[in-house]
>>> print(open('work03.cif').read())   # mmCIF, C-alpha atoms and all ligand atoms
data_coords
loop_
_atom_site.group_PDB
_atom_site.id
_atom_site.type_symbol
_atom_site.label_atom_id
_atom_site.label_comp_id
_atom_site.auth_asym_id
_atom_site.auth_seq_id
_atom_site.Cartn_x
_atom_site.Cartn_y
_atom_site.Cartn_z
ATOM 1 C CA MET A 247 -27.016 21.055 -12.340
ATOM 2 C CA GLN A 248 -24.640 18.507 -13.857
ATOM 3 C CA ILE A 249 -23.718 15.239 -12.184
ATOM 4 C CA ILE A 250 -19.994 14.515 -12.333
ATOM 5 C CA ASP A 251 -19.753 10.885 -13.441
ATOM 6 C CA GLY A 252 -16.646 9.542 -11.744
ATOM 7 C CA LYS A 253 -17.368 5.998 -12.832
ATOM 8 C CA ALA A 254 -17.457 6.836 -16.547
ATOM 9 C CA THR A 255 -14.435 9.137 -16.244
ATOM 10 C CA ALA A 256 -12.428 6.456 -14.429
ATOM 11 C CA GLU A 257 -13.382 3.878 -17.080
ATOM 12 C CA ALA A 258 -12.282 6.250 -19.850
ATOM 13 C CA ILE A 259 -8.933 6.914 -18.146
ATOM 14 C CA LYS A 260 -8.310 3.199 -17.545
ATOM 15 C CA ALA A 261 -9.038 2.563 -21.237
ATOM 16 C CA GLU A 262 -6.491 5.272 -22.163
ATOM 17 C CA ILE A 263 -3.900 3.704 -19.852
ATOM 18 C CA ALA A 264 -4.630 0.215 -21.252
ATOM 19 C CA GLU A 265 -4.107 1.498 -24.788
ATOM 20 C CA GLU A 266 -0.790 3.114 -23.830
ATOM 21 C CA VAL A 267 0.381 -0.111 -22.165
ATOM 22 C CA ARG A 268 -0.752 -2.151 -25.173
ATOM 23 C CA GLN A 269 1.478 -0.008 -27.379
ATOM 24 C CA ILE A 270 4.441 -0.281 -24.988
ATOM 25 C CA VAL A 271 4.107 -4.074 -24.897
ATOM 26 C CA SER A 272 3.608 -4.397 -28.659
ATOM 27 C CA ASN A 273 6.855 -2.434 -29.089
ATOM 28 C CA GLY A 274 8.662 -5.028 -27.006
ATOM 29 C CA GLY A 275 8.484 -3.289 -23.605
ATOM 30 C CA ARG A 276 7.428 -4.969 -20.377
ATOM 31 C CA ALA A 277 4.170 -4.088 -18.620
ATOM 32 C CA PRO A 278 4.120 -1.757 -15.575
ATOM 33 C CA HIS A 279 4.049 -3.671 -12.290
ATOM 34 C CA LEU A 280 2.153 -2.662 -9.127
ATOM 35 C CA ALA A 281 2.534 -4.617 -5.889
ATOM 36 C CA ALA A 282 0.279 -4.427 -2.826
ATOM 37 C CA ILE A 283 0.789 -5.529 0.761
ATOM 38 C CA LEU A 284 -2.358 -6.418 2.690
ATOM 39 C CA VAL A 285 -2.357 -7.158 6.410
ATOM 40 C CA GLY A 286 -5.287 -8.979 8.035
ATOM 41 C CA HIS A 287 -8.843 -9.390 6.732
ATOM 42 C CA ASP A 288 -10.580 -6.027 7.206
ATOM 43 C CA GLY A 289 -13.610 -6.024 4.872
ATOM 44 C CA GLY A 290 -12.977 -2.550 3.466
ATOM 45 C CA SER A 291 -9.275 -3.190 2.839
ATOM 46 C CA GLU A 292 -10.017 -6.552 1.177
ATOM 47 C CA THR A 293 -12.439 -4.841 -1.219
ATOM 48 C CA TYR A 294 -10.045 -1.973 -2.004
ATOM 49 C CA VAL A 295 -7.140 -4.317 -2.718
ATOM 50 C CA LYS A 296 -9.293 -6.652 -4.809
ATOM 51 C CA ASN A 297 -10.396 -3.658 -6.902
ATOM 52 C CA LYS A 298 -6.797 -2.482 -7.268
ATOM 53 C CA VAL A 299 -5.773 -5.910 -8.606
ATOM 54 C CA LEU A 300 -8.757 -5.878 -11.011
ATOM 55 C CA ALA A 301 -7.794 -2.388 -12.202
ATOM 56 C CA CYS A 302 -4.272 -3.667 -12.903
ATOM 57 C CA GLU A 303 -5.759 -6.378 -15.123
ATOM 58 C CA ARG A 304 -7.943 -3.801 -16.880
ATOM 59 C CA CYS A 305 -4.902 -1.583 -17.563
ATOM 60 C CA GLY A 306 -2.651 -4.426 -18.687
ATOM 61 C CA PHE A 307 -0.378 -4.108 -15.634
ATOM 62 C CA GLU A 308 1.298 -6.924 -13.824
ATOM 63 C CA SER A 309 0.228 -7.103 -10.171
ATOM 64 C CA THR A 310 1.541 -8.840 -7.078
ATOM 65 C CA LEU A 311 -0.341 -9.216 -3.816
ATOM 66 C CA VAL A 312 1.464 -10.154 -0.623
ATOM 67 C CA ARG A 313 -0.730 -11.015 2.355
ATOM 68 C CA PHE A 314 0.150 -11.146 6.023
ATOM 69 C CA GLU A 315 -1.967 -12.210 8.971
ATOM 70 C CA GLU A 316 -3.002 -9.667 11.623
ATOM 71 C CA ASP A 317 -0.160 -10.806 13.934
ATOM 72 C CA VAL A 318 2.664 -9.975 11.494
ATOM 73 C CA THR A 319 5.539 -8.196 13.216
ATOM 74 C CA GLU A 320 6.649 -4.712 12.251
ATOM 75 C CA GLU A 321 10.018 -6.154 11.312
ATOM 76 C CA GLU A 322 8.517 -8.706 8.908
ATOM 77 C CA LEU A 323 6.497 -5.971 7.268
ATOM 78 C CA LEU A 324 9.532 -3.690 6.969
ATOM 79 C CA GLN A 325 11.478 -6.553 5.400
ATOM 80 C CA CYS A 326 8.780 -6.934 2.753
ATOM 81 C CA VAL A 327 8.864 -3.176 2.073
ATOM 82 C CA ASP A 328 12.632 -3.382 1.704
ATOM 83 C CA LYS A 329 12.286 -6.294 -0.704
ATOM 84 C CA PHE A 330 9.945 -4.305 -2.953
ATOM 85 C CA ASN A 331 12.175 -1.219 -2.691
ATOM 86 C CA LYS A 332 15.011 -3.294 -4.153
ATOM 87 C CA ASP A 333 13.006 -5.365 -6.639
ATOM 88 C CA GLU A 334 13.776 -3.932 -10.079
ATOM 89 C CA SER A 335 10.697 -5.594 -11.584
ATOM 90 C CA VAL A 336 8.331 -3.641 -9.286
ATOM 91 C CA ASP A 337 7.605 -0.067 -10.430
ATOM 92 C CA GLY A 338 5.421 0.942 -7.512
ATOM 93 C CA PHE A 339 3.806 -0.590 -4.444
ATOM 94 C CA ILE A 340 1.364 0.201 -1.684
ATOM 95 C CA VAL A 341 0.803 -0.956 1.863
ATOM 96 C CA GLN A 342 -2.943 -1.007 2.404
ATOM 97 C CA LEU A 343 -3.976 1.014 5.463
ATOM 98 C CA PRO A 344 -5.020 0.838 8.242
ATOM 99 C CA LEU A 345 -2.423 -1.444 9.815
ATOM 100 C CA PRO A 346 -2.924 -3.291 13.126
ATOM 101 C CA LYS A 347 -2.333 -1.202 16.266
ATOM 102 C CA HIS A 348 0.989 -2.853 17.158
ATOM 103 C CA ILE A 349 2.582 -1.598 13.930
ATOM 104 C CA ASP A 350 3.855 1.952 13.546
ATOM 105 C CA GLU A 351 2.071 3.006 10.362
ATOM 106 C CA GLN A 352 4.193 6.106 9.831
ATOM 107 C CA LYS A 353 7.390 4.093 10.134
ATOM 108 C CA VAL A 354 6.166 1.729 7.412
ATOM 109 C CA ILE A 355 5.135 4.600 5.113
ATOM 110 C CA GLU A 356 8.521 6.267 5.568
ATOM 111 C CA ALA A 357 10.306 3.007 4.759
ATOM 112 C CA ILE A 358 8.786 2.970 1.249
ATOM 113 C CA ASP A 359 11.206 4.365 -1.350
ATOM 114 C CA TYR A 360 9.539 7.631 -2.418
ATOM 115 C CA ARG A 361 10.233 6.748 -6.080
ATOM 116 C CA LYS A 362 7.966 3.695 -5.681
ATOM 117 C CA ASP A 363 5.458 5.312 -3.311
ATOM 118 C CA VAL A 364 2.551 5.418 -5.775
ATOM 119 C CA ASP A 365 0.154 6.198 -2.896
ATOM 120 C CA GLY A 366 2.031 9.480 -2.416
ATOM 121 C CA PHE A 367 1.997 9.040 1.385
ATOM 122 C CA ASN A 368 5.750 9.240 2.039
ATOM 123 C CA PRO A 369 6.626 12.668 3.519
ATOM 124 C CA ILE A 370 9.105 13.200 0.663
ATOM 125 C CA ASN A 371 6.239 13.043 -1.840
ATOM 126 C CA VAL A 372 3.995 15.129 0.431
ATOM 127 C CA GLY A 373 6.720 17.776 0.743
ATOM 128 C CA ARG A 374 7.524 17.764 -2.966
ATOM 129 C CA MET A 375 3.834 18.105 -3.781
ATOM 130 C CA SER A 376 3.472 21.066 -1.440
ATOM 131 C CA ILE A 377 6.169 23.030 -3.294
ATOM 132 C CA GLY A 378 5.082 21.931 -6.761
ATOM 133 C CA LEU A 379 7.926 19.494 -7.562
ATOM 134 C CA PRO A 380 7.401 16.295 -9.598
ATOM 135 C CA CYS A 381 6.047 13.675 -7.192
ATOM 136 C CA PHE A 382 3.324 11.114 -6.647
ATOM 137 C CA ILE A 383 0.109 12.821 -5.586
ATOM 138 C CA SER A 384 -2.127 10.689 -3.396
ATOM 139 C CA ALA A 385 -4.981 9.019 -5.203
ATOM 140 C CA THR A 386 -8.078 10.803 -3.894
ATOM 141 C CA PRO A 387 -6.843 14.396 -4.316
ATOM 142 C CA LEU A 388 -5.398 13.532 -7.732
ATOM 143 C CA GLY A 389 -8.716 11.949 -8.735
ATOM 144 C CA ILE A 390 -10.617 15.089 -7.725
ATOM 145 C CA ILE A 391 -8.254 17.405 -9.625
ATOM 146 C CA THR A 392 -8.642 15.150 -12.686
ATOM 147 C CA LEU A 393 -12.451 15.252 -12.439
ATOM 148 C CA LEU A 394 -12.526 19.051 -12.167
ATOM 149 C CA LYS A 395 -10.223 19.313 -15.182
ATOM 150 C CA ARG A 396 -12.097 16.787 -17.338
ATOM 151 C CA TYR A 397 -15.399 18.559 -16.663
ATOM 152 C CA GLY A 398 -13.846 21.900 -17.656
ATOM 153 C CA ILE A 399 -14.593 23.450 -14.262
ATOM 154 C CA ASN A 400 -12.762 26.735 -13.862
ATOM 155 C CA THR A 401 -11.226 26.925 -10.388
ATOM 156 C CA SER A 402 -8.757 29.775 -10.906
ATOM 157 C CA GLY A 403 -9.378 32.648 -8.496
ATOM 158 C CA LYS A 404 -12.441 30.908 -7.032
ATOM 159 C CA LYS A 405 -13.171 30.495 -3.349
ATOM 160 C CA CYS A 406 -12.706 26.866 -2.337
ATOM 161 C CA VAL A 407 -13.649 25.401 1.030
ATOM 162 C CA VAL A 408 -12.126 22.049 2.013
ATOM 163 C CA LEU A 409 -14.006 20.353 4.853
ATOM 164 C CA GLY A 410 -11.576 18.169 6.809
ATOM 165 C CA ARG A 411 -7.832 18.239 7.408
ATOM 166 C CA SER A 412 -6.775 14.590 7.126
ATOM 167 C CA ASN A 413 -3.320 13.748 5.801
ATOM 168 C CA ILE A 414 -4.790 11.597 3.023
ATOM 169 C CA VAL A 415 -7.416 13.996 1.672
ATOM 170 C CA GLY A 416 -7.995 17.367 3.358
ATOM 171 C CA LYS A 417 -4.407 18.627 3.580
ATOM 172 C CA PRO A 418 -3.198 17.558 0.118
ATOM 173 C CA MET A 419 -6.481 18.709 -1.428
ATOM 174 C CA ALA A 420 -6.067 22.174 0.054
ATOM 175 C CA GLN A 421 -2.453 22.295 -1.180
ATOM 176 C CA LEU A 422 -3.414 21.327 -4.735
ATOM 177 C CA MET A 423 -6.379 23.680 -4.929
ATOM 178 C CA MET A 424 -4.087 26.510 -3.819
ATOM 179 C CA GLN A 425 -1.269 25.830 -6.302
ATOM 180 C CA LYS A 426 -1.110 27.744 -9.560
ATOM 181 C CA GLN A 427 -0.706 24.696 -11.812
ATOM 182 C CA PHE A 428 -3.656 22.843 -10.261
ATOM 183 C CA GLY A 429 -6.545 24.702 -8.598
ATOM 184 C CA ASP A 430 -5.158 28.267 -8.462
ATOM 185 C CA ALA A 431 -7.995 28.978 -6.016
ATOM 186 C CA THR A 432 -8.296 30.807 -2.686
ATOM 187 C CA VAL A 433 -8.575 28.006 -0.165
ATOM 188 C CA THR A 434 -10.108 27.785 3.305
ATOM 189 C CA VAL A 435 -9.763 24.592 5.338
ATOM 190 C CA CYS A 436 -12.553 23.948 7.855
ATOM 191 C CA HIS A 437 -12.401 21.399 10.669
ATOM 192 C CA SER A 438 -13.983 20.452 13.990
ATOM 193 C CA HIS A 439 -12.859 23.703 15.646
ATOM 194 C CA THR A 440 -13.831 26.108 12.862
ATOM 195 C CA LYS A 441 -16.050 28.813 14.387
ATOM 196 C CA ASP A 442 -18.743 29.168 11.715
ATOM 197 C CA ILE A 443 -18.582 26.456 9.065
ATOM 198 C CA LYS A 444 -21.929 27.448 7.565
ATOM 199 C CA LYS A 445 -20.705 31.011 6.919
ATOM 200 C CA GLU A 446 -17.487 29.719 5.286
ATOM 201 C CA CYS A 447 -19.409 27.279 3.073
ATOM 202 C CA LEU A 448 -21.980 29.890 2.003
ATOM 203 C CA GLU A 449 -19.134 32.008 0.594
ATOM 204 C CA ALA A 450 -17.590 29.111 -1.344
ATOM 205 C CA ASP A 451 -17.685 28.613 -5.128
ATOM 206 C CA ILE A 452 -16.315 25.085 -4.655
ATOM 207 C CA ILE A 453 -16.812 22.836 -1.623
ATOM 208 C CA ILE A 454 -14.790 19.651 -1.173
ATOM 209 C CA ALA A 455 -16.344 17.675 1.679
ATOM 210 C CA ALA A 456 -13.974 15.173 3.287
ATOM 211 C CA ILE A 457 -15.090 15.236 6.877
ATOM 212 C CA GLY A 458 -16.439 11.670 7.230
ATOM 213 C CA LYS A 459 -19.837 12.695 8.648
ATOM 214 C CA PRO A 460 -22.812 11.455 6.622
ATOM 215 C CA ASN A 461 -25.116 14.239 5.329
ATOM 216 C CA PHE A 462 -23.031 16.951 7.048
ATOM 217 C CA LEU A 463 -23.341 19.491 4.225
ATOM 218 C CA THR A 464 -26.982 20.538 3.992
ATOM 219 C CA GLY A 465 -28.807 22.724 1.452
ATOM 220 C CA ASP A 466 -28.808 25.819 3.691
ATOM 221 C CA MET A 467 -24.962 25.764 3.792
ATOM 222 C CA VAL A 468 -24.472 26.047 0.030
ATOM 223 C CA LYS A 469 -24.745 29.024 -2.282
ATOM 224 C CA GLU A 470 -26.566 28.825 -5.593
ATOM 225 C CA GLY A 471 -24.315 27.507 -8.398
ATOM 226 C CA ALA A 472 -21.560 26.071 -6.186
ATOM 227 C CA VAL A 473 -19.454 23.091 -7.317
ATOM 228 C CA ILE A 474 -19.763 20.235 -4.814
ATOM 229 C CA VAL A 475 -17.277 17.390 -4.434
ATOM 230 C CA ASP A 476 -18.299 14.689 -1.940
ATOM 231 C CA VAL A 477 -15.431 12.542 -0.653
ATOM 232 C CA GLY A 478 -17.450 10.898 2.145
ATOM 233 C CA THR A 479 -17.794 7.117 2.084
ATOM 234 C CA THR A 480 -19.213 6.191 5.462
ATOM 235 C CA ARG A 481 -20.671 2.688 5.595
ATOM 236 C CA VAL A 482 -24.176 2.825 7.037
ATOM 237 C CA PRO A 483 -26.201 -0.329 7.789
ATOM 238 C CA ASP A 484 -28.790 -1.113 5.091
ATOM 239 C CA ALA A 485 -30.740 -4.360 5.388
ATOM 240 C CA THR A 486 -31.992 -4.053 1.787
ATOM 241 C CA ARG A 487 -28.460 -4.517 0.411
ATOM 242 C CA LYS A 488 -26.752 -7.850 -0.050
ATOM 243 C CA SER A 489 -23.633 -6.445 1.626
ATOM 244 C CA GLY A 490 -25.716 -5.205 4.584
ATOM 245 C CA PHE A 491 -24.505 -1.619 4.157
ATOM 246 C CA ARG A 492 -24.482 1.304 1.750
ATOM 247 C CA LEU A 493 -22.028 4.134 1.258
ATOM 248 C CA ASN A 494 -23.165 7.517 2.519
ATOM 249 C CA GLY A 495 -21.506 10.750 1.463
ATOM 250 C CA ASP A 496 -20.817 13.876 3.521
ATOM 251 C CA VAL A 497 -23.333 15.815 1.422
ATOM 252 C CA LYS A 498 -27.117 15.771 1.864
ATOM 253 C CA TYR A 499 -27.525 15.153 -1.836
ATOM 254 C CA ASP A 500 -31.269 15.783 -2.244
ATOM 255 C CA GLU A 501 -30.986 19.245 -0.707
ATOM 256 C CA VAL A 502 -27.621 20.281 -2.139
ATOM 257 C CA ALA A 503 -27.817 18.952 -5.722
ATOM 258 C CA PRO A 504 -30.580 21.321 -6.923
ATOM 259 C CA LYS A 505 -28.534 24.343 -5.782
ATOM 260 C CA SER A 506 -25.234 23.191 -7.283
ATOM 261 C CA SER A 507 -23.804 23.702 -10.777
ATOM 262 C CA PHE A 508 -21.811 20.432 -10.609
ATOM 263 C CA ILE A 509 -21.941 17.677 -8.001
ATOM 264 C CA THR A 510 -20.280 14.297 -7.470
ATOM 265 C CA PRO A 511 -22.655 11.503 -6.349
ATOM 266 C CA VAL A 512 -21.863 8.804 -3.761
ATOM 267 C CA PRO A 513 -21.241 6.183 -4.946
ATOM 268 C CA GLY A 514 -19.976 6.768 -8.482
ATOM 269 C CA GLY A 515 -18.260 10.125 -7.982
ATOM 270 C CA VAL A 516 -14.850 10.462 -6.356
ATOM 271 C CA GLY A 517 -14.584 6.783 -5.322
ATOM 272 C CA PRO A 518 -13.927 5.197 -8.750
ATOM 273 C CA MET A 519 -11.349 7.904 -9.515
ATOM 274 C CA THR A 520 -9.025 6.941 -6.658
ATOM 275 C CA ILE A 521 -8.040 3.582 -8.099
ATOM 276 C CA CYS A 522 -7.571 5.027 -11.556
ATOM 277 C CA SER A 523 -5.237 7.672 -10.033
ATOM 278 C CA LEU A 524 -3.214 4.846 -8.522
ATOM 279 C CA MET A 525 -2.920 3.298 -11.991
ATOM 280 C CA LYS A 526 -1.813 6.665 -13.390
ATOM 281 C CA ASN A 527 0.843 6.965 -10.688
ATOM 282 C CA THR A 528 2.069 3.437 -11.394
ATOM 283 C CA LEU A 529 2.385 4.205 -15.094
ATOM 284 C CA GLN A 530 4.263 7.395 -14.177
ATOM 285 C CA ALA A 531 6.636 5.381 -11.935
ATOM 286 C CA TYR A 532 7.222 2.933 -14.775
ATOM 287 C CA LYS A 533 7.952 5.696 -17.293
ATOM 288 C CA THR A 534 10.256 7.606 -14.932
ATOM 289 C CA LYS A 535 12.215 4.403 -14.310
ATOM 290 C CA SER A 536 12.445 3.608 -18.020
ATOM 291 C CA LYS A 537 13.981 7.064 -18.593
ATOM 292 C CA ALA A 538 16.466 6.817 -15.699
HETATM 293 N N1 LIG A 601 -6.722 2.894 2.961
HETATM 294 C C1 LIG A 601 -7.742 3.705 2.549
HETATM 295 N N2 LIG A 601 -7.401 4.382 1.438
HETATM 296 C C2 LIG A 601 -6.143 3.999 1.118
HETATM 297 C C3 LIG A 601 -5.262 4.334 0.060
HETATM 298 O O1 LIG A 601 -5.544 5.162 -0.805
HETATM 299 N N3 LIG A 601 -4.061 3.699 0.080
HETATM 300 C C4 LIG A 601 -3.713 2.805 1.040
HETATM 301 N N4 LIG A 601 -2.504 2.257 0.975
HETATM 302 N N5 LIG A 601 -4.511 2.476 2.037
HETATM 303 C C5 LIG A 601 -5.725 3.063 2.069
#
>>> encode(input="work03.cif", output="structure tokens", more="lines below")
Ligand code: GUN
Amino acid sequence: MQIIDGKATAEAIKAEIAEEVRQIVSNGGRAPHLAAILVGHDGGSETYVKNKVLACERCGFESTLVRFEEDVTEEELLQCVDKFNKDESVDGFIVQLPLPKHIDEQKVIEAIDYRKDVDGFNPINVGRMSIGLPCFISATPLGIITLLKRYGINTSGKKCVVLGRSNIVGKPMAQLMMQKQFGDATVTVCHSHTKDIKKECLEADIIIAAIGKPNFLTGDMVKEGAVIVDVGTTRVPDATRKSGFRLNGDVKYDEVAPKSSFITPVPGGVGPMTICSLMKNTLQAYKTKSKA
């Protein structure tokens, strides 16, 4: 069994990006610029955005953070999106989700110019991704594909089970694992109404668990030698931690790890890769713009 070290891989990729940016800047170019919009003070969102800004510093990017209070109107938010769409100095930007209930999240996502949508959430990017056109691929699925590639894991012709059908992870993950230039695998998507999840999982060479239920995937559901990718990051209370919680994956690690050939831990597996994928997308946005 080999542990897939997402933290080390993400650090290596950020170092590669930083070196590329250093060369661009030393040749007289400007640095790539990522902007983020954060609404309210949700603990998780604050942490994510803080880490995105830190990753920008690590990669030599410029970053801009615009904050709104919880009571921001949809119109104010759309105006800010429009401003970034038009701002030539911004290569890509994100609106941190979730948004307060009174704001139509989909409307905001669709207002982002798809050429600056480095989260890859705009339906134009989702559609382009699903037919294999150049696009921004959302951070978590892109991070997982990168990990599989960097660890030399052969996915072509393999049976892959994706647990979960969310727009952010499950659906794009299944699309990428199916496509010839990425996974080239035979993909089954399981969800809350799948008849026999255990049977599907036992047949899988690769399982990508993105169901959001701590310890869902147990040892008896996994065949010997399977590749296990755990996307779960449920916060569970833990009085021994300073933060008062710990992150719990969807995989019952102690049972599943001994049976697997490769496995991603939580934390330190998929998580660190998501932000580095966002940096990759921002660099891609910058380069595409420079060529235009
Ligand atoms: N909320 C949780 N994950 C994400 C993400 O990848 N991007 C944005 N914008 N919001 C999120």
>>> resolve_selection(input="work03.cif", expression="the PyMOL selection byres (((chain A and resi 389) around 10) and not hetatm)", output="list of chain:residue names")
A:Gly252, A:Thr255, A:Ala256, A:Ile383, A:Ser384, A:Ala385, A:Thr386, A:Pro387, A:Leu388, A:Ile390, A:Ile391, A:Thr392, A:Leu393, A:Leu394, A:Lys395, A:Gly515, A:Val516, A:Gly517, A:Pro518, A:Met519, A:Thr520, A:Ile521, A:Cys522, A:Ser523, A:Leu524, A:Lys526
>>> closest_residue(input="work03.cif", among="A:Ser291, A:Asn461, A:Thr401, A:Thr319", to="ligand LIG 601 (chain A)", atoms="only C-alpha atoms and all ligand atoms")
A:Ser291
>>> residues_near_ligand(input="work03.cif", ligand="ligand LIG 601 (chain A)", cutoff="6 Å", atoms="only C-alpha atoms and all ligand atoms", output="number ranges by chain")
A: 340-344, 365, 385
>>> write_last_selection(input="work03.cif", atoms="C-alpha atoms", output="short mmCIF file (atom, residue, chain, number, x, y, z; two decimals), keeping the file's coordinate frame")
data_model
loop_
_atom_site.label_atom_id
_atom_site.label_comp_id
_atom_site.auth_asym_id
_atom_site.auth_seq_id
_atom_site.Cartn_x
_atom_site.Cartn_y
_atom_site.Cartn_z
CA ILE A 340 1.36 0.20 -1.68
CA VAL A 341 0.80 -0.96 1.86
CA GLN A 342 -2.94 -1.01 2.40
CA LEU A 343 -3.98 1.01 5.46
CA PRO A 344 -5.02 0.84 8.24
CA ASP A 365 0.15 6.20 -2.90
CA ALA A 385 -4.98 9.02 -5.20
#
>>> atom_distance(input="work03.cif", atom1="CA of Phe339 (chain A)", atom2="CA of Leu311 (chain A)")
9.6 Å
>>> resolve_selection(input="work03.cif", expression="the PyMOL selection byres (((chain A and resi 324-333) around 7) and not hetatm)", output="list of chain:residue names")
A:Glu320, A:Glu321, A:Glu322, A:Leu323, A:Glu334, A:Ser335, A:Val336, A:Val354, A:Ala357, A:Ile358, A:Asp359
>>> resolve_selection(input="work03.cif", expression="the PyMOL selection byres (((chain A and resi 402) around 7) and not hetatm)", output="list of chain:residue names")
A:Asn400, A:Thr401, A:Gly403, A:Lys404, A:Gly429, A:Asp430, A:Ala431
>>> atom_distance(input="work03.cif", atom1="CA of Gly410 (chain A)", atom2="CA of Thr440 (chain A)")
10.2 Å
>>> closest_residue(input="work03.cif", among="A:Val477, A:Leu448, A:Val468, A:Ala301", to="Met419 (chain A)", atoms="only C-alpha atoms")
A:Val477
>>> residues_around(input="work03.cif", residues="Tyr360 (chain A)", least_positions_apart="4", cutoff="8 Å", atoms="all atoms listed in the file", output="PDB file with C-alpha atoms, keeping the file's coordinate frame")
ATOM      1  CA  GLY A 366       2.031   9.480  -2.416  1.00  0.00           C
ATOM      2  CA  ASN A 368       5.750   9.240   2.039  1.00  0.00           C
ATOM      3  CA  ILE A 370       9.105  13.200   0.663  1.00  0.00           C
ATOM      4  CA  ASN A 371       6.239  13.043  -1.840  1.00  0.00           C
TER       5      ASN A 371
END
>>> closest_residue(input="work03.cif", among="A:Cys305, A:Val295, A:Ile453, A:Val497", to="Glu262 (chain A)", atoms="all atoms listed in the file")
A:Cys305
>>> residues_around(input="work03.cif", residues="Val407 (chain A)", least_positions_apart="5", cutoff="9 Å", atoms="only C-alpha atoms", output="CSV table (one decimal) with C-alpha atoms, in the frame of the given file")
chain,number,residue,atom,x,y,z
A,420,ALA,CA,-6.1,22.2,0.1
A,432,THR,CA,-8.3,30.8,-2.7
A,433,VAL,CA,-8.6,28.0,-0.2
A,434,THR,CA,-10.1,27.8,3.3
A,435,VAL,CA,-9.8,24.6,5.3
A,436,CYS,CA,-12.6,23.9,7.9
A,446,GLU,CA,-17.5,29.7,5.3
A,447,CYS,CA,-19.4,27.3,3.1
A,449,GLU,CA,-19.1,32.0,0.6
A,450,ALA,CA,-17.6,29.1,-1.3
A,451,ASP,CA,-17.7,28.6,-5.1
A,452,ILE,CA,-16.3,25.1,-4.7
A,453,ILE,CA,-16.8,22.8,-1.6
A,454,ILE,CA,-14.8,19.7,-1.2
A,455,ALA,CA,-16.3,17.7,1.7
>>> build_atoms(input="work03.cif", residues="region 352-366 of chain A", atoms="N, CA and C atoms", output="PDB file, in the frame of the given file")
ATOM      1  N   GLN A 352       3.337   5.061  10.406  1.00  0.00           N
ATOM      2  CA  GLN A 352       4.193   6.106   9.831  1.00  0.00           C
ATOM      3  C   GLN A 352       5.577   5.564   9.485  1.00  0.00           C
ATOM      4  N   LYS A 353       6.071   4.691  10.373  1.00  0.00           N
ATOM      5  CA  LYS A 353       7.390   4.093  10.134  1.00  0.00           C
ATOM      6  C   LYS A 353       7.376   3.282   8.837  1.00  0.00           C
ATOM      7  N   VAL A 354       6.296   2.549   8.628  1.00  0.00           N
ATOM      8  CA  VAL A 354       6.166   1.729   7.412  1.00  0.00           C
ATOM      9  C   VAL A 354       6.091   2.628   6.178  1.00  0.00           C
ATOM     10  N   ILE A 355       5.283   3.675   6.260  1.00  0.00           N
ATOM     11  CA  ILE A 355       5.135   4.600   5.113  1.00  0.00           C
ATOM     12  C   ILE A 355       6.496   5.222   4.772  1.00  0.00           C
ATOM     13  N   GLU A 356       7.235   5.608   5.812  1.00  0.00           N
ATOM     14  CA  GLU A 356       8.521   6.267   5.568  1.00  0.00           C
ATOM     15  C   GLU A 356       9.584   5.296   5.062  1.00  0.00           C
ATOM     16  N   ALA A 357       9.339   3.998   5.246  1.00  0.00           N
ATOM     17  CA  ALA A 357      10.306   3.007   4.759  1.00  0.00           C
ATOM     18  C   ALA A 357      10.159   2.775   3.247  1.00  0.00           C
ATOM     19  N   ILE A 358       9.011   3.168   2.693  1.00  0.00           N
ATOM     20  CA  ILE A 358       8.786   2.970   1.249  1.00  0.00           C
ATOM     21  C   ILE A 358       9.636   3.975   0.474  1.00  0.00           C
ATOM     22  N   ASP A 359      10.413   3.474  -0.497  1.00  0.00           N
ATOM     23  CA  ASP A 359      11.206   4.365  -1.350  1.00  0.00           C
ATOM     24  C   ASP A 359      10.251   5.348  -2.046  1.00  0.00           C
ATOM     25  N   TYR A 360      10.499   6.651  -1.896  1.00  0.00           N
ATOM     26  CA  TYR A 360       9.539   7.631  -2.418  1.00  0.00           C
ATOM     27  C   TYR A 360       9.366   7.514  -3.929  1.00  0.00           C
ATOM     28  N   ARG A 361      10.354   6.914  -4.623  1.00  0.00           N
ATOM     29  CA  ARG A 361      10.233   6.748  -6.080  1.00  0.00           C
ATOM     30  C   ARG A 361       9.286   5.612  -6.447  1.00  0.00           C
ATOM     31  N   LYS A 362       8.938   4.779  -5.442  1.00  0.00           N
ATOM     32  CA  LYS A 362       7.966   3.695  -5.681  1.00  0.00           C
ATOM     33  C   LYS A 362       6.669   3.912  -4.895  1.00  0.00           C
ATOM     34  N   ASP A 363       6.591   5.031  -4.195  1.00  0.00           N
ATOM     35  CA  ASP A 363       5.458   5.312  -3.311  1.00  0.00           C
ATOM     36  C   ASP A 363       4.278   5.867  -4.119  1.00  0.00           C
ATOM     37  N   VAL A 364       3.627   4.969  -4.876  1.00  0.00           N
ATOM     38  CA  VAL A 364       2.551   5.418  -5.775  1.00  0.00           C
ATOM     39  C   VAL A 364       1.291   5.875  -5.031  1.00  0.00           C
ATOM     40  N   ASP A 365       1.230   5.639  -3.715  1.00  0.00           N
ATOM     41  CA  ASP A 365       0.154   6.198  -2.896  1.00  0.00           C
ATOM     42  C   ASP A 365       0.423   7.676  -2.581  1.00  0.00           C
ATOM     43  N   GLY A 366       1.681   8.088  -2.716  1.00  0.00           N
ATOM     44  CA  GLY A 366       2.031   9.480  -2.416  1.00  0.00           C
ATOM     45  C   GLY A 366       1.937   9.821  -0.936  1.00  0.00           C
TER      46      GLY A 366
END
